[in-house]
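**Student:** For reference, the structure I am asking about is given below.
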Amino acid sequence: MTEIKQRPEKLLFVYGVDGLLENKISLFLKRNLTPSKVECPLYRLIHTASGLDPEFVELMKKNDIGYELLYRNEFIKKYECFEIFGKFQIREVTYPTVCIVVGHEKEEREIYELIQSRYFNKCDSLSCFEKVLERKHLLFQEVGPDEFKRISCPGYKSDDDETDEKEEKKQKIENAQKKIADMEDEIKKQAE
(Lines give C-alpha, C1' and ligand atoms only; values in the text may rest on other atoms or scores of the structure.)
Protein backbone atom coordinates (compact mmCIF):
# COMPACT_ATOMS: atom_id res chain seq x y z
CA MET A 1 0.00 0.00 0.00
CA THR A 2 1.55 3.31 -1.04
CA GLU A 3 1.13 6.60 0.80
CA ILE A 4 -0.72 8.01 -2.19
CA LYS A 5 -3.87 6.04 -1.29
CA GLN A 6 -4.42 8.02 1.91
CA ARG A 7 -4.11 11.42 0.22
CA PRO A 8 -7.14 13.16 -1.31
CA GLU A 9 -7.08 13.47 -5.05
CA LYS A 10 -8.94 15.19 -7.85
CA LEU A 11 -8.99 14.56 -11.59
CA LEU A 12 -8.52 17.44 -14.00
CA PHE A 13 -10.04 17.03 -17.45
CA VAL A 14 -8.40 19.63 -19.65
CA TYR A 15 -9.82 20.42 -23.08
CA GLY A 16 -7.53 21.04 -26.01
CA VAL A 17 -8.92 24.54 -26.63
CA ASP A 18 -8.82 27.82 -24.75
CA GLY A 19 -11.93 28.91 -22.87
CA LEU A 20 -12.64 31.96 -24.98
CA LEU A 21 -16.31 32.78 -25.54
CA GLU A 22 -16.10 32.11 -29.28
CA ASN A 23 -14.49 28.69 -28.65
CA LYS A 24 -17.18 27.73 -26.14
CA ILE A 25 -19.93 28.74 -28.56
CA SER A 26 -18.21 26.91 -31.42
CA LEU A 27 -17.84 23.71 -29.38
CA PHE A 28 -21.46 23.85 -28.29
CA LEU A 29 -22.77 24.43 -31.81
CA LYS A 30 -20.56 21.77 -33.37
CA ARG A 31 -21.53 19.29 -30.64
CA ASN A 32 -25.19 19.89 -31.50
CA LEU A 33 -24.98 20.15 -35.28
CA THR A 34 -21.90 18.23 -36.45
CA PRO A 35 -20.37 16.27 -33.52
CA SER A 36 -17.65 14.75 -35.69
CA LYS A 37 -16.23 18.24 -36.31
CA VAL A 38 -15.57 19.04 -32.64
CA GLU A 39 -11.82 19.76 -32.54
CA CYS A 40 -11.25 18.51 -28.99
CA PRO A 41 -11.62 14.72 -28.63
CA LEU A 42 -12.05 14.98 -24.85
CA TYR A 43 -14.92 17.43 -25.23
CA ARG A 44 -16.47 15.16 -27.87
CA LEU A 45 -16.24 12.15 -25.51
CA ILE A 46 -17.72 13.63 -22.36
CA HIS A 47 -20.36 15.99 -23.78
CA THR A 48 -23.65 15.34 -25.49
CA ALA A 49 -25.82 17.80 -27.41
CA SER A 50 -27.50 18.79 -24.14
CA GLY A 51 -24.31 19.28 -22.08
CA LEU A 52 -22.11 17.08 -19.93
CA ASP A 53 -22.81 13.40 -20.61
CA PRO A 54 -24.84 11.89 -17.72
CA GLU A 55 -22.84 8.65 -18.13
CA PHE A 56 -19.65 10.60 -17.49
CA VAL A 57 -21.16 12.16 -14.36
CA GLU A 58 -22.20 8.68 -13.17
CA LEU A 59 -18.68 7.38 -13.83
CA MET A 60 -17.24 10.10 -11.61
CA LYS A 61 -19.79 9.38 -8.87
CA LYS A 62 -19.09 5.65 -9.11
CA ASN A 63 -15.35 6.18 -8.71
CA ASP A 64 -15.97 8.60 -5.83
CA ILE A 65 -13.30 11.04 -6.94
CA GLY A 66 -13.52 14.77 -7.34
CA TYR A 67 -13.05 16.26 -10.77
CA GLU A 68 -12.74 19.56 -12.53
CA LEU A 69 -13.34 20.43 -16.18
CA LEU A 70 -11.00 23.09 -17.51
CA TYR A 71 -10.14 24.74 -20.77
CA ARG A 72 -6.44 24.86 -21.64
CA ASN A 73 -5.89 28.51 -20.64
CA GLU A 74 -7.80 28.03 -17.37
CA PHE A 75 -5.67 25.01 -16.51
CA ILE A 76 -2.41 26.82 -17.22
CA LYS A 77 -3.46 29.85 -15.18
CA LYS A 78 -4.71 27.86 -12.20
CA TYR A 79 -1.92 25.26 -12.07
CA GLU A 80 1.05 27.10 -13.57
CA CYS A 81 3.01 26.88 -10.32
CA PHE A 82 2.94 23.07 -10.52
CA GLU A 83 5.35 20.85 -12.36
CA ILE A 84 4.19 17.65 -13.98
CA PHE A 85 6.45 14.63 -13.49
CA GLY A 86 8.89 17.04 -11.87
CA LYS A 87 10.83 17.29 -15.13
CA PHE A 88 8.90 19.53 -17.52
CA GLN A 89 6.71 22.54 -17.02
CA ILE A 90 2.95 22.58 -17.25
CA ARG A 91 3.14 24.72 -20.41
CA GLU A 92 4.77 21.78 -22.20
CA VAL A 93 1.76 19.47 -21.76
CA THR A 94 -0.05 18.41 -24.93
CA TYR A 95 -3.82 18.79 -24.91
CA PRO A 96 -6.35 17.43 -24.25
CA THR A 97 -5.11 15.73 -21.11
CA VAL A 98 -6.27 14.25 -17.84
CA CYS A 99 -4.20 15.04 -14.78
CA ILE A 100 -4.47 14.02 -11.17
CA VAL A 101 -3.90 16.35 -8.25
CA VAL A 102 -2.81 14.68 -5.02
CA GLY A 103 -2.94 16.33 -1.59
CA HIS A 104 -5.03 18.80 0.38
CA GLU A 105 -5.30 22.44 -0.68
CA LYS A 106 -3.59 23.56 2.53
CA GLU A 107 -0.57 21.28 2.04
CA GLU A 108 1.90 20.87 -0.74
CA ARG A 109 0.06 19.33 -3.65
CA GLU A 110 1.44 17.37 -6.56
CA ILE A 111 0.10 17.02 -10.07
CA TYR A 112 0.66 14.15 -12.48
CA GLU A 113 -0.41 13.69 -16.08
CA LEU A 114 -2.62 10.61 -15.97
CA ILE A 115 -3.76 10.37 -19.59
CA GLN A 116 -1.73 11.97 -22.36
CA SER A 117 -3.27 13.46 -25.49
CA ARG A 118 -2.26 10.52 -27.69
CA TYR A 119 -4.81 8.27 -25.93
CA PHE A 120 -7.74 10.42 -27.01
CA ASN A 121 -7.23 9.58 -30.68
CA LYS A 122 -7.62 5.90 -29.79
CA CYS A 123 -10.90 6.33 -27.88
CA ASP A 124 -14.01 6.72 -29.97
CA SER A 125 -16.55 6.19 -27.19
CA LEU A 126 -17.09 7.05 -23.56
CA SER A 127 -16.88 3.37 -22.60
CA CYS A 128 -13.42 3.11 -24.20
CA PHE A 129 -12.32 6.28 -22.42
CA GLU A 130 -13.73 4.92 -19.15
CA LYS A 131 -11.56 1.80 -19.44
CA VAL A 132 -8.42 3.85 -20.12
CA LEU A 133 -9.22 6.19 -17.22
CA GLU A 134 -9.89 3.38 -14.77
CA ARG A 135 -6.77 1.46 -15.83
CA LYS A 136 -4.50 4.51 -15.53
CA HIS A 137 -6.02 5.60 -12.20
CA LEU A 138 -5.71 2.10 -10.74
CA LEU A 139 -2.11 1.86 -11.93
CA PHE A 140 -1.35 5.23 -10.33
CA GLN A 141 -2.85 4.09 -7.02
CA GLU A 142 -1.11 0.70 -7.07
CA VAL A 143 2.43 1.71 -7.99
CA GLY A 144 2.55 5.25 -6.59
CA PRO A 145 3.65 8.42 -8.32
CA ASP A 146 7.37 7.68 -8.71
CA GLU A 147 6.91 4.35 -10.45
CA PHE A 148 3.94 5.72 -12.43
CA LYS A 149 6.21 8.47 -13.80
CA ARG A 150 8.73 5.88 -14.90
CA ILE A 151 6.09 3.72 -16.63
CA SER A 152 4.04 6.51 -18.22
CA CYS A 153 6.72 8.91 -19.36
CA PRO A 154 9.44 7.39 -21.53
CA GLY A 155 12.70 9.13 -20.84
CA TYR A 156 11.68 10.25 -17.36
CA LYS A 157 14.47 9.79 -14.84
CA SER A 158 13.88 10.15 -11.14
CA ASP A 159 16.63 11.11 -8.72
CA ASP A 160 16.93 7.41 -7.81
CA ASP A 161 17.48 6.49 -11.48
CA GLU A 162 20.19 9.12 -11.80
CA THR A 163 21.86 7.82 -8.63
CA ASP A 164 21.70 4.25 -9.97
CA GLU A 165 23.26 5.38 -13.26
CA LYS A 166 26.08 7.16 -11.41
CA GLU A 167 26.73 4.05 -9.31
CA GLU A 168 26.73 1.89 -12.43
CA LYS A 169 29.23 4.20 -14.17
CA LYS A 170 31.40 4.29 -11.05
CA GLN A 171 31.37 0.48 -10.92
CA LYS A 172 32.35 0.25 -14.61
CA ILE A 173 35.27 2.65 -14.04
CA GLU A 174 36.43 0.66 -11.02
CA ASN A 175 36.22 -2.59 -13.02
CA ALA A 176 38.19 -1.05 -15.89
CA GLN A 177 40.84 0.25 -13.49
CA LYS A 178 41.11 -3.20 -11.90
CA LYS A 179 41.54 -4.83 -15.33
CA ILE A 180 44.27 -2.30 -16.21
CA ALA A 181 46.06 -2.96 -12.90
CA ASP A 182 45.80 -6.73 -13.48
CA MET A 183 47.18 -6.35 -17.01
CA GLU A 184 50.08 -4.21 -15.73
CA ASP A 185 50.88 -6.83 -13.09
CA GLU A 186 50.81 -9.56 -15.73
CA ILE A 187 53.13 -7.55 -18.02
CA LYS A 188 55.58 -6.99 -15.10
CA LYS A 189 55.59 -10.75 -14.37
CA GLN A 190 56.27 -11.57 -18.01
CA ALA A 191 59.08 -9.01 -18.16
CA GLU A 192 60.86 -10.57 -15.15
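Convention: chains lettered A, B, ... in C-alpha coordinates order; per-chain residue numbering from 1; ligands numbered from 1 as shown.
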Leaving out region 9-25 of chain A and any residue of its chain fewer than 3 positions from it, which residues lie within 10 Å of it when counting only C-alpha atoms, given as JSON, numbers by chain?
**Tutor:** {"A": [4, 5, 6, 28, 29, 30, 31, 39, 40, 41, 42, 43, 44, 46, 60, 64, 65, 66, 67, 68, 69, 70, 71, 72, 73, 74, 75, 76, 94, 95, 96, 97, 98, 99, 100, 101, 102, 103, 104, 109, 110, 111, 112, 113, 114, 115, 117, 137]}
**Student:** Looking at A:Lys62, A:Tyr119, A:Leu126, A:Lys170, which one is nearest to His47 (chain A), with distances taken over only C-alpha atoms?
**Tutor:** A:Leu126
**Student:** Counting only C-alpha atoms, figure out which residue out of A:Lys172, A:Val93, A:Met183, A:Phe56 gets nearest to Leu133 (chain A).
**Tutor:**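 Under the stated criterion, the closest residue is A:Phe56.
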**Student:** What is the distance between CA of Ile90 (chain A) and CA of Leu52 (chain A), in Å to one decimal?
**Tutor:** 25.8 Å
**Student:** Apply DSSP to the backbone of this structure and, from region 15-182 of chain A, keep only the residues in alpha helix (DSSP H); write these as a VMD selection string.
**Tutor:** chain A and resid 21 to 33 41 to 46 54 to 63 72 to 79 126 to 152 159 to 182
**Student:** Nearest to Val57 (chain A) among A:Glu130, A:Ser26, A:Leu33, A:Phe120, with distances taken over only C-alpha atoms: which residue is it?
**Tutor:**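 When distances to Val57 (chain A) are compared using only C-alpha atoms, the smallest one comes from A:Glu130.
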